[in-house]
Amino acid sequence: MSRLFVPDPPGEETGSTEADVVIVGGGPAGLTAAIYTSRETLGTILLEQRQCGGLPLTTDIVENYPGFPEGITGSDLVARMKDQASRFGTEIVEFGEVERTDRENDRIVVAGSGREYQAGAVVVASGSVPKKLDVPGEEEFVGKGVSYCAVCDGPFYKDRDVAVIGCGNSGLQEGMFLLDYVRSVTFVEFLPEMTGAKILQDRLRKREGTTFLLNHALTAIEGEDFVESITVRDRETGEERKVEVSGVFIYAGFQPNTAFLQGVAELSSDGYVRTDEEMRTSAPGIFAAGDVRVKKIRQITTACSDGTIAALSASEYLRDGRSKG
Amino acid sequence: MALQEIQGKQISEVTSASDRISVVDFSADWCGPCKMIHPVLEKLSDEMKDKVDFYTVDVDESQQEANNFGIRGVPTMIVFLDGKEIDRMVGFRDANSLKSSLESLATAKLD
């Protein structure tokens, strides 16, 4: 099977570029979709706002991705995925923000930063970004004690006391990483129970230097030039207390990157894309995969699964003359 | 001038010697976003070669200076003019947003 369209040479700053499939986002979902569509010999352009990688780039060690019994760093894992997609012909383009997605006749237009791409099918795998808590001090102390990336910033807190906000998988995993450097980690969880994997909870409870404040809300981050303390409120008693820490690592959930889909495809009230089991959105020819979807489980493995299904559904959609969507 | 790797102790020398804006990126090879920002800095060092100099410092090799500059995370980019810090950016920035910030600082310098 030959390519339906061959992407224009990269490097164009303006104008419209044609492809069979445009993939928005270069995390595990987007890269997996790219591997599959490229292997279907569909001309594939992957638009990535940053460098490829997605959230795994800010993860230390990935221990639950099959095939790597010793674990693999998040950045190495996605680098391998990127090489694999490129090997099969995916054109990876560094792109600014996607500002618009429209349908023009039987083509779907993805536009932003003065550039425009047209494709027969689009896979949205734009992921999500860490949610900010909007508590006093959070914005002010970014880079001065407030962090969303333990792997990037943890080593700067050697022998200090830090707090991790959020006890889901990310918070617990990164807290574990931090314990290799810091003196103590105070875990603060808004809910009455931790939601992260039981194995991580068990490992952390056995570690020295861990404190768990469950059913507590972070209310403020304080300091002079750098973070010196946080204030938390016990949600049951209403009692507030100050905890002296030099660093605050926030893992309080994520918000999806879907502004460009407003009014185009059906979104949930919190902005995630609704799809069916075949990853079809409400807009014909637009598929979604990975963390950006409405779903319960968000793991690298499930992102790859979504990417696979979205790619093969997109391929089928193109092959069937756009009779499905 | 291409992105230049320097030691922490050279920061003062290179940023004072130039009357242009200098960007010093504090990075580490174990940090994903640092790997993401390097190609961006390479690109901008070419596109902005007539007005901005770009340097990168490995925080593991220059721990003392990273500490002196109050680095609490990587990547951190400090913008210098006449050897003095005039701006600081923490975390990944895409090429467009970083270029736009630096253009504004370069324009302000001319005013």
# chains A, B, ... in the order shown; residues from 1 in each chain; ligands from 1
call {"tool": "select_by_dssp", "arguments": {"residues": "chain B", "states": "alpha helix (DSSP H)", "output": "count of residues only"}}
result
45
call {"tool": "closest_atom_pairs", "arguments": {"of": "chain B", "to": "chain A", "cutoff": "10 Å", "atoms": "only C-alpha atoms", "output": "JSON lines"}}
result
{"residue": "B:Ser27", "atom": "CA", "partner": "A:Cys152", "partner_atom": "CA", "distance": 9.0}
{"residue": "B:Ala28", "atom": "CA", "partner": "A:Cys152", "partner_atom": "CA", "distance": 8.2}
{"residue": "B:Asp29", "atom": "CA", "partner": "A:Cys152", "partner_atom": "CA", "distance": 9.8}
{"residue": "B:Trp30", "atom": "CA", "partner": "A:Cys152", "partner_atom": "CA", "distance": 7.5}
{"residue": "B:Cys31", "atom": "CA", "partner": "A:Cys152", "partner_atom": "CA", "distance": 5.0}
{"residue": "B:Gly32", "atom": "CA", "partner": "A:Leu57", "partner_atom": "CA", "distance": 4.6}
{"residue": "B:Pro33", "atom": "CA", "partner": "A:Leu57", "partner_atom": "CA", "distance": 6.6}
{"residue": "B:Cys34", "atom": "CA", "partner": "A:Cys152", "partner_atom": "CA", "distance": 8.2}
{"residue": "B:Lys35", "atom": "CA", "partner": "A:Gln51", "partner_atom": "CA", "distance": 8.4}
{"residue": "B:Met36", "atom": "CA", "partner": "A:Gln51", "partner_atom": "CA", "distance": 5.1}
{"residue": "B:Ile37", "atom": "CA", "partner": "A:Gln51", "partner_atom": "CA", "distance": 7.7}
{"residue": "B:His38", "atom": "CA", "partner": "A:Gln51", "partner_atom": "CA", "distance": 9.6}
{"residue": "B:Pro39", "atom": "CA", "partner": "A:Gln51", "partner_atom": "CA", "distance": 8.3}
{"residue": "B:Val40", "atom": "CA", "partner": "A:Gln51", "partner_atom": "CA", "distance": 8.7}
{"residue": "B:Val59", "atom": "CA", "partner": "A:Phe156", "partner_atom": "CA", "distance": 9.8}
{"residue": "B:Asp60", "atom": "CA", "partner": "A:Pro155", "partner_atom": "CA", "distance": 9.8}
{"residue": "B:Gln63", "atom": "CA", "partner": "A:Phe156", "partner_atom": "CA", "distance": 9.6}
{"residue": "B:Ala66", "atom": "CA", "partner": "A:Phe156", "partner_atom": "CA", "distance": 9.3}
{"residue": "B:Asn67", "atom": "CA", "partner": "A:Phe156", "partner_atom": "CA", "distance": 8.6}
{"residue": "B:Gly70", "atom": "CA", "partner": "A:Lys144", "partner_atom": "CA", "distance": 7.9}
{"residue": "B:Ile71", "atom": "CA", "partner": "A:Gly143", "partner_atom": "CA", "distance": 7.6}
{"residue": "B:Arg72", "atom": "CA", "partner": "A:Phe156", "partner_atom": "CA", "distance": 5.6}
{"residue": "B:Gly73", "atom": "CA", "partner": "A:Asp153", "partner_atom": "CA", "distance": 4.1}
{"residue": "B:Val74", "atom": "CA", "partner": "A:Cys152", "partner_atom": "CA", "distance": 5.5}
{"residue": "B:Pro75", "atom": "CA", "partner": "A:Cys152", "partner_atom": "CA", "distance": 7.6}
{"residue": "B:Thr76", "atom": "CA", "partner": "A:Gly143", "partner_atom": "CA", "distance": 7.8}
{"residue": "B:Arg88", "atom": "CA", "partner": "A:Gly143", "partner_atom": "CA", "distance": 9.4}
{"residue": "B:Met89", "atom": "CA", "partner": "A:Gly143", "partner_atom": "CA", "distance": 8.3}
{"residue": "B:Val90", "atom": "CA", "partner": "A:Gly143", "partner_atom": "CA", "distance": 5.7}
{"residue": "B:Gly91", "atom": "CA", "partner": "A:Gly143", "partner_atom": "CA", "distance": 7.9}
{"residue": "B:Phe92", "atom": "CA", "partner": "A:Arg50", "partner_atom": "CA", "distance": 8.2}
{"residue": "B:Arg93", "atom": "CA", "partner": "A:Arg50", "partner_atom": "CA", "distance": 7.8}
{"residue": "B:Asp94", "atom": "CA", "partner": "A:Arg50", "partner_atom": "CA", "distance": 5.7}
{"residue": "B:Ala95", "atom": "CA", "partner": "A:Gly96", "partner_atom": "CA", "distance": 8.0}
{"residue": "B:Asn96", "atom": "CA", "partner": "A:Gly96", "partner_atom": "CA", "distance": 6.8}
{"residue": "B:Ser97", "atom": "CA", "partner": "A:Gly96", "partner_atom": "CA", "distance": 8.7}
call {"tool": "residues_around", "arguments": {"residues": "Asp306 (chain A)", "least_positions_apart": "2", "cutoff": "9 Å", "atoms": "only C-alpha atoms", "output": "PyMOL selection string"}}
result
chain A and resi 29+32-33+278-279+288-290+301-304+308-311
call {"tool": "write_last_selection", "arguments": {"atoms": "N, CA and C atoms", "output": "compact mmCIF listing (two decimals), in the first residue's frame"}}
result
# COMPACT_ATOMS: atom_id res chain seq x y z
N ALA A 29 0.86 8.09 24.25
CA ALA A 29 -0.32 7.82 23.41
C ALA A 29 -0.07 8.28 21.98
N THR A 32 2.69 6.16 20.24
CA THR A 32 2.20 4.82 19.87
C THR A 32 1.28 4.92 18.65
N ALA A 33 0.40 5.90 18.66
CA ALA A 33 -0.48 6.09 17.49
C ALA A 33 0.37 6.31 16.24
N GLU A 278 -13.70 2.76 20.48
CA GLU A 278 -12.79 2.81 19.33
C GLU A 278 -12.01 4.11 19.29
N MET A 279 -12.11 4.89 20.35
CA MET A 279 -11.41 6.18 20.50
C MET A 279 -11.97 7.26 19.57
N ALA A 288 -9.28 10.38 19.86
CA ALA A 288 -8.51 10.85 21.02
C ALA A 288 -7.90 9.67 21.74
N ALA A 289 -6.74 9.91 22.36
CA ALA A 289 -6.02 8.82 23.04
C ALA A 289 -5.23 9.36 24.22
N GLY A 290 -5.13 8.54 25.25
CA GLY A 290 -4.27 8.88 26.38
C GLY A 290 -4.97 9.68 27.46
N THR A 301 0.88 2.43 30.09
CA THR A 301 0.38 1.27 29.33
C THR A 301 -1.00 1.56 28.73
N THR A 302 -1.87 2.23 29.48
CA THR A 302 -3.21 2.50 28.93
C THR A 302 -3.14 3.58 27.86
N ALA A 303 -2.17 4.51 27.99
CA ALA A 303 -1.99 5.52 26.95
C ALA A 303 -1.58 4.84 25.65
N CYS A 304 -0.67 3.87 25.76
CA CYS A 304 -0.22 3.14 24.56
C CYS A 304 -1.38 2.35 23.96
N THR A 308 -2.89 2.89 20.20
CA THR A 308 -3.01 1.80 19.23
C THR A 308 -4.42 1.78 18.63
N ILE A 309 -5.41 1.82 19.51
CA ILE A 309 -6.80 1.74 19.04
C ILE A 309 -7.14 2.96 18.18
N ALA A 310 -6.73 4.15 18.65
CA ALA A 310 -7.03 5.37 17.90
C ALA A 310 -6.40 5.31 16.50
N ALA A 311 -5.16 4.82 16.43
CA ALA A 311 -4.47 4.76 15.13
C ALA A 311 -5.18 3.80 14.18
call {"tool": "closest_residue", "arguments": {"among": "A:Leu204, A:Val135, A:Val123, A:Val264", "to": "Val292 (chain A)", "atoms": "only C-alpha atoms"}}
result
A:Val123
call {"tool": "select_by_dssp", "arguments": {"residues": "chain B", "states": "strand (DSSP E or B)", "output": "tab-separated table (two decimals) with all heavy atoms, in the first residue's frame"}}
result
chain	number	residue	atom	x	y	z
B	4	GLN	N	26.90	27.39	24.20
B	4	GLN	CA	28.23	27.02	24.70
B	4	GLN	C	28.14	26.41	26.08
B	4	GLN	O	27.46	26.95	26.96
B	4	GLN	CB	29.11	28.26	24.81
B	4	GLN	CG	29.76	28.64	23.50
B	4	GLN	CD	30.86	29.66	23.77
B	4	GLN	OE1	30.61	30.68	24.39
B	4	GLN	NE2	32.06	29.36	23.32
B	5	GLU	N	28.83	25.30	26.26
B	5	GLU	CA	28.89	24.67	27.58
B	5	GLU	C	30.00	25.34	28.37
B	5	GLU	O	31.14	25.44	27.88
B	5	GLU	CB	29.19	23.18	27.39
B	5	GLU	CG	28.70	22.36	28.54
B	5	GLU	CD	28.74	20.87	28.21
B	5	GLU	OE1	28.22	20.48	27.15
B	5	GLU	OE2	29.32	20.15	29.00
B	6	ILE	N	29.68	25.83	29.56
B	6	ILE	CA	30.71	26.48	30.37
B	6	ILE	C	30.68	25.92	31.80
B	6	ILE	O	29.72	25.27	32.21
B	6	ILE	CB	30.53	28.02	30.42
B	6	ILE	CG1	29.15	28.40	31.00
B	6	ILE	CG2	30.75	28.64	29.06
B	6	ILE	CD1	28.99	29.87	31.31
B	21	ILE	N	22.72	40.64	25.88
B	21	ILE	CA	22.02	39.80	26.86
B	21	ILE	C	22.62	38.39	26.80
B	21	ILE	O	22.90	37.87	25.72
B	21	ILE	CB	20.52	39.78	26.54
B	21	ILE	CG1	19.88	41.08	27.05
B	21	ILE	CG2	19.83	38.58	27.16
B	21	ILE	CD1	18.42	41.17	26.74
B	22	SER	N	22.82	37.79	27.96
B	22	SER	CA	23.30	36.40	28.03
B	22	SER	C	22.27	35.55	28.76
B	22	SER	O	21.70	35.99	29.76
B	22	SER	CB	24.61	36.31	28.81
B	22	SER	OG	25.56	37.19	28.29
B	23	VAL	N	22.07	34.36	28.25
B	23	VAL	CA	21.18	33.41	28.93
B	23	VAL	C	22.04	32.26	29.43
B	23	VAL	O	22.78	31.65	28.64
B	23	VAL	CB	20.11	32.85	27.96
B	23	VAL	CG1	19.25	31.80	28.66
B	23	VAL	CG2	19.24	33.96	27.41
B	24	VAL	N	21.97	31.98	30.72
B	24	VAL	CA	22.71	30.85	31.27
B	24	VAL	C	21.69	29.81	31.74
B	24	VAL	O	20.85	30.08	32.60
B	24	VAL	CB	23.62	31.27	32.43
B	24	VAL	CG1	24.34	30.04	33.00
B	24	VAL	CG2	24.61	32.32	31.98
B	25	ASP	N	21.78	28.64	31.12
B	25	ASP	CA	20.86	27.54	31.43
B	25	ASP	C	21.54	26.61	32.42
B	25	ASP	O	22.63	26.11	32.16
B	25	ASP	CB	20.54	26.82	30.11
B	25	ASP	CG	20.09	25.39	30.32
B	25	ASP	OD1	19.10	25.20	31.03
B	25	ASP	OD2	20.72	24.47	29.74
B	26	PHE	N	20.94	26.42	33.57
B	26	PHE	CA	21.43	25.46	34.56
B	26	PHE	C	20.68	24.15	34.34
B	26	PHE	O	19.45	24.12	34.48
B	26	PHE	CB	21.20	25.96	35.98
B	26	PHE	CG	22.05	27.15	36.34
B	26	PHE	CD1	21.69	28.43	35.96
B	26	PHE	CD2	23.22	26.98	37.07
B	26	PHE	CE1	22.48	29.53	36.29
B	26	PHE	CE2	24.01	28.06	37.41
B	26	PHE	CZ	23.64	29.34	37.02
B	27	SER	N	21.40	23.10	33.98
B	27	SER	CA	20.77	21.83	33.59
B	27	SER	C	21.49	20.65	34.21
B	27	SER	O	22.55	20.80	34.80
B	27	SER	CB	20.82	21.68	32.07
B	27	SER	OG	19.82	22.44	31.46
B	52	VAL	N	21.66	37.77	21.37
B	52	VAL	CA	21.69	37.06	22.65
B	52	VAL	C	22.76	35.95	22.62
B	52	VAL	O	22.91	35.26	21.61
B	52	VAL	CB	20.31	36.41	22.96
B	52	VAL	CG1	20.33	35.70	24.31
B	52	VAL	CG2	19.18	37.44	22.92
B	53	ASP	N	23.50	35.81	23.72
B	53	ASP	CA	24.46	34.71	23.85
B	53	ASP	C	23.86	33.64	24.76
B	53	ASP	O	23.24	33.97	25.78
B	53	ASP	CB	25.77	35.20	24.48
B	53	ASP	CG	26.46	36.23	23.59
B	53	ASP	OD1	26.41	36.08	22.36
B	53	ASP	OD2	27.03	37.19	24.15
B	54	PHE	N	24.06	32.39	24.41
B	54	PHE	CA	23.47	31.28	25.19
B	54	PHE	C	24.57	30.38	25.75
B	54	PHE	O	25.47	29.95	25.02
B	54	PHE	CB	22.55	30.43	24.29
B	54	PHE	CG	21.28	31.13	23.90
B	54	PHE	CD1	21.26	32.01	22.83
B	54	PHE	CD2	20.11	30.91	24.61
B	54	PHE	CE1	20.09	32.66	22.46
B	54	PHE	CE2	18.93	31.55	24.25
B	54	PHE	CZ	18.91	32.43	23.18
B	55	TYR	N	24.45	30.08	27.04
B	55	TYR	CA	25.41	29.20	27.71
B	55	TYR	C	24.64	28.14	28.49
B	55	TYR	O	23.50	28.37	28.91
B	55	TYR	CB	26.28	30.00	28.70
B	55	TYR	CG	27.04	31.13	28.06
B	55	TYR	CD1	26.51	32.42	28.07
B	55	TYR	CD2	28.26	30.90	27.43
B	55	TYR	CE1	27.20	33.47	27.47
B	55	TYR	CE2	28.95	31.94	26.83
B	55	TYR	CZ	28.42	33.23	26.85
B	55	TYR	OH	29.10	34.26	26.26
B	56	THR	N	25.28	27.02	28.72
B	56	THR	CA	24.67	26.00	29.57
B	56	THR	C	25.69	25.52	30.61
B	56	THR	O	26.88	25.39	30.31
B	56	THR	CB	24.09	24.83	28.74
B	56	THR	OG1	23.44	23.92	29.63
B	56	THR	CG2	25.16	24.09	27.96
B	57	VAL	N	25.20	25.31	31.82
B	57	VAL	CA	26.06	24.88	32.94
B	57	VAL	C	25.48	23.60	33.51
B	57	VAL	O	24.28	23.52	33.79
B	57	VAL	CB	26.07	25.98	34.04
B	57	VAL	CG1	26.80	25.48	35.28
B	57	VAL	CG2	26.69	27.26	33.53
B	58	ASP	N	26.34	22.60	33.69
B	58	ASP	CA	25.91	21.34	34.31
B	58	ASP	C	25.96	21.53	35.84
B	58	ASP	O	27.04	21.75	36.40
B	58	ASP	CB	26.86	20.21	33.87
B	58	ASP	CG	26.42	18.86	34.39
B	58	ASP	OD1	25.93	18.79	35.54
B	58	ASP	OD2	26.56	17.86	33.66
B	76	THR	N	16.81	25.83	35.01
B	76	THR	CA	16.57	27.24	35.35
B	76	THR	C	17.42	28.07	34.40
B	76	THR	O	18.61	27.78	34.22
B	76	THR	CB	16.99	27.54	36.81
B	76	THR	OG1	16.12	26.85	37.70
B	76	THR	CG2	16.92	29.03	37.11
B	77	MET	N	16.81	29.06	33.79
B	77	MET	CA	17.55	29.95	32.90
B	77	MET	C	17.63	31.34	33.51
B	77	MET	O	16.59	31.94	33.81
B	77	MET	CB	16.88	30.02	31.53
B	77	MET	CG	17.11	28.76	30.71
B	77	MET	SD	15.85	28.55	29.50
B	77	MET	CE	14.49	28.06	30.52
B	78	ILE	N	18.84	31.79	33.72
B	78	ILE	CA	19.02	33.14	34.25
B	78	ILE	C	19.49	34.04	33.11
B	78	ILE	O	20.38	33.67	32.34
B	78	ILE	CB	20.04	33.17	35.41
B	78	ILE	CG1	19.58	32.23	36.53
B	78	ILE	CG2	20.21	34.58	35.95
B	78	ILE	CD1	20.47	32.24	37.77
B	79	VAL	N	18.82	35.18	32.98
B	79	VAL	CA	19.17	36.14	31.93
B	79	VAL	C	20.03	37.24	32.57
B	79	VAL	O	19.64	37.81	33.59
B	79	VAL	CB	17.90	36.75	31.30
B	79	VAL	CG1	18.28	37.64	30.12
B	79	VAL	CG2	16.94	35.66	30.86
B	80	PHE	N	21.18	37.48	31.97
B	80	PHE	CA	22.10	38.49	32.49
B	80	PHE	C	22.26	39.66	31.51
B	80	PHE	O	22.22	39.47	30.30
B	80	PHE	CB	23.50	37.87	32.69
B	80	PHE	CG	23.58	36.86	33.80
B	80	PHE	CD1	23.35	35.51	33.53
B	80	PHE	CD2	23.90	37.24	35.10
B	80	PHE	CE1	23.45	34.56	34.54
B	80	PHE	CE2	24.00	36.30	36.12
B	80	PHE	CZ	23.77	34.97	35.83
B	81	LEU	N	22.49	40.84	32.08
B	81	LEU	CA	22.92	41.99	31.29
B	81	LEU	C	24.00	42.69	32.11
B	81	LEU	O	23.79	42.96	33.30
B	81	LEU	CB	21.74	42.93	31.02
B	81	LEU	CG	22.08	44.19	30.22
B	81	LEU	CD1	22.63	43.85	28.84
B	81	LEU	CD2	20.86	45.09	30.09
B	84	LYS	N	24.75	41.26	35.46
B	84	LYS	CA	23.73	41.25	36.52
B	84	LYS	C	22.49	40.48	36.06
B	84	LYS	O	22.09	40.57	34.89
B	84	LYS	CB	23.30	42.68	36.85
B	84	LYS	CG	24.40	43.50	37.51
B	84	LYS	CD	23.78	44.78	38.09
B	84	LYS	CE	24.84	45.64	38.78
B	84	LYS	NZ	25.84	46.20	37.84
B	85	GLU	N	21.89	39.77	37.01
B	85	GLU	CA	20.67	39.01	36.69
B	85	GLU	C	19.52	39.98	36.45
B	85	GLU	O	19.23	40.84	37.28
B	85	GLU	CB	20.32	38.07	37.86
B	85	GLU	CG	19.03	37.32	37.62
B	85	GLU	CD	18.72	36.29	38.71
B	85	GLU	OE1	19.65	35.89	39.44
B	85	GLU	OE2	17.54	35.91	38.81
B	86	ILE	N	18.85	39.84	35.28
B	86	ILE	CA	17.69	40.70	35.02
B	86	ILE	C	16.40	39.90	34.90
B	86	ILE	O	15.31	40.45	34.92
B	86	ILE	CB	17.88	41.56	33.74
B	86	ILE	CG1	18.15	40.68	32.51
B	86	ILE	CG2	18.99	42.58	33.94
B	86	ILE	CD1	18.07	41.46	31.19
B	87	ASP	N	16.53	38.59	34.77
B	87	ASP	CA	15.31	37.77	34.73
B	87	ASP	C	15.70	36.32	35.00
B	87	ASP	O	16.86	35.94	34.86
B	87	ASP	CB	14.62	37.88	33.36
B	87	ASP	CG	13.15	37.47	33.43
B	87	ASP	OD1	12.65	37.21	34.54
B	87	ASP	OD2	12.50	37.41	32.37
B	88	ARG	N	14.69	35.52	35.37
B	88	ARG	CA	14.94	34.12	35.70
B	88	ARG	C	13.71	33.32	35.28
B	88	ARG	O	12.58	33.71	35.57
B	88	ARG	CB	15.19	33.98	37.19
B	88	ARG	CG	15.42	32.56	37.66
B	88	ARG	CD	15.70	32.52	39.14
B	88	ARG	NE	16.97	33.11	39.50
B	88	ARG	CZ	17.86	32.56	40.35
B	88	ARG	NH1	17.60	31.40	40.91
B	88	ARG	NH2	18.98	33.16	40.64
B	89	MET	N	13.93	32.23	34.58
B	89	MET	CA	12.82	31.38	34.14
B	89	MET	C	13.08	29.96	34.61
B	89	MET	O	14.18	29.44	34.42
B	89	MET	CB	12.69	31.41	32.63
B	89	MET	CG	12.30	32.77	32.09
B	89	MET	SD	12.43	32.82	30.31
B	89	MET	CE	13.65	34.09	30.11
B	90	VAL	N	12.07	29.35	35.20
B	90	VAL	CA	12.23	28.01	35.76
B	90	VAL	C	11.34	27.04	34.98
B	90	VAL	O	10.18	27.33	34.73
B	90	VAL	CB	11.83	27.99	37.24
B	90	VAL	CG1	11.97	26.58	37.82
B	90	VAL	CG2	12.68	28.96	38.04
call {"tool": "residues_around", "arguments": {"residues": "Ala17 (chain B)", "least_positions_apart": "3", "cutoff": "8 Å", "atoms": "only C-alpha atoms", "output": "PyMOL selection string"}}
result
chain B and resi 13-14+82-83
call {"tool": "write_last_selection", "arguments": {"atoms": "all heavy atoms", "output": "short mmCIF file (atom, residue, chain, number, x, y, z; two decimals), in the first residue's frame"}}
result
data_model
loop_
_atom_site.label_atom_id
_atom_site.label_comp_id
_atom_site.auth_asym_id
_atom_site.auth_seq_id
_atom_site.Cartn_x
_atom_site.Cartn_y
_atom_site.Cartn_z
N GLU B 13 32.46 35.90 34.34
CA GLU B 13 33.36 36.39 33.29
C GLU B 13 32.63 36.58 31.96
O GLU B 13 32.67 37.65 31.35
CB GLU B 13 34.49 35.37 33.13
CG GLU B 13 35.50 35.66 32.07
CD GLU B 13 36.36 34.42 31.80
OE1 GLU B 13 36.48 33.55 32.71
OE2 GLU B 13 36.87 34.31 30.70
N VAL B 14 31.90 35.54 31.52
CA VAL B 14 31.28 35.63 30.18
C VAL B 14 30.10 36.60 30.16
O VAL B 14 29.86 37.26 29.15
CB VAL B 14 30.84 34.25 29.64
CG1 VAL B 14 32.01 33.32 29.47
CG2 VAL B 14 29.75 33.61 30.48
N ASP B 82 25.13 42.94 31.49
CA ASP B 82 26.27 43.55 32.19
C ASP B 82 26.63 42.78 33.46
O ASP B 82 26.93 43.38 34.49
CB ASP B 82 25.97 45.01 32.53
CG ASP B 82 25.75 45.84 31.28
OD1 ASP B 82 26.39 45.54 30.27
OD2 ASP B 82 24.93 46.78 31.34
N GLY B 83 26.53 41.46 33.39
CA GLY B 83 26.91 40.64 34.53
C GLY B 83 25.88 40.57 35.63
O GLY B 83 26.10 39.91 36.65
#
call {"tool": "residues_around", "arguments": {"residues": "Ala121 (chain A)", "least_positions_apart": "3", "cutoff": "7 Å", "atoms": "only C-alpha atoms", "output": "MDAnalysis selection string"}}
result
chainID A and resid 20:22 108 285:286 314
call {"tool": "write_last_selection", "arguments": {"atoms": "all heavy atoms", "output": "compact mmCIF listing (two decimals), in the first residue's frame"}}
result
# COMPACT_ATOMS: atom_id res chain seq x y z
N ASP A 20 -1.96 12.34 5.83
CA ASP A 20 -3.11 11.45 6.04
C ASP A 20 -3.62 11.62 7.46
O ASP A 20 -4.81 11.76 7.71
CB ASP A 20 -2.69 9.98 5.85
CG ASP A 20 -2.35 9.66 4.41
OD1 ASP A 20 -2.98 10.25 3.53
OD2 ASP A 20 -1.45 8.84 4.20
N VAL A 21 -2.67 11.56 8.40
CA VAL A 21 -3.04 11.64 9.81
C VAL A 21 -2.17 12.69 10.50
O VAL A 21 -0.94 12.68 10.34
CB VAL A 21 -2.83 10.28 10.52
CG1 VAL A 21 -3.22 10.36 11.99
CG2 VAL A 21 -3.62 9.18 9.82
N VAL A 22 -2.81 13.56 11.25
CA VAL A 22 -2.07 14.47 12.12
C VAL A 22 -2.33 14.02 13.55
O VAL A 22 -3.48 13.79 13.95
CB VAL A 22 -2.49 15.94 11.92
CG1 VAL A 22 -2.03 16.80 13.10
CG2 VAL A 22 -1.90 16.49 10.63
N ILE A 108 -9.60 17.79 7.88
CA ILE A 108 -9.60 18.39 9.22
C ILE A 108 -8.37 19.27 9.31
O ILE A 108 -7.26 18.84 8.98
CB ILE A 108 -9.59 17.30 10.31
CG1 ILE A 108 -10.84 16.44 10.16
CG2 ILE A 108 -9.53 17.93 11.70
CD1 ILE A 108 -10.73 15.10 10.84
N GLY A 285 -13.82 11.70 12.22
CA GLY A 285 -12.43 11.84 11.78
C GLY A 285 -11.49 12.31 12.86
O GLY A 285 -10.28 12.32 12.67
N ILE A 286 -12.03 12.71 14.01
CA ILE A 286 -11.16 13.11 15.13
C ILE A 286 -11.22 12.04 16.21
O ILE A 286 -12.31 11.71 16.71
CB ILE A 286 -11.55 14.49 15.71
CG1 ILE A 286 -11.46 15.56 14.61
CG2 ILE A 286 -10.64 14.84 16.88
CD1 ILE A 286 -11.81 16.96 15.07
N ALA A 314 -8.44 5.24 13.11
CA ALA A 314 -8.23 6.31 12.13
C ALA A 314 -7.92 5.71 10.76
O ALA A 314 -8.42 6.16 9.73
CB ALA A 314 -7.09 7.22 12.58
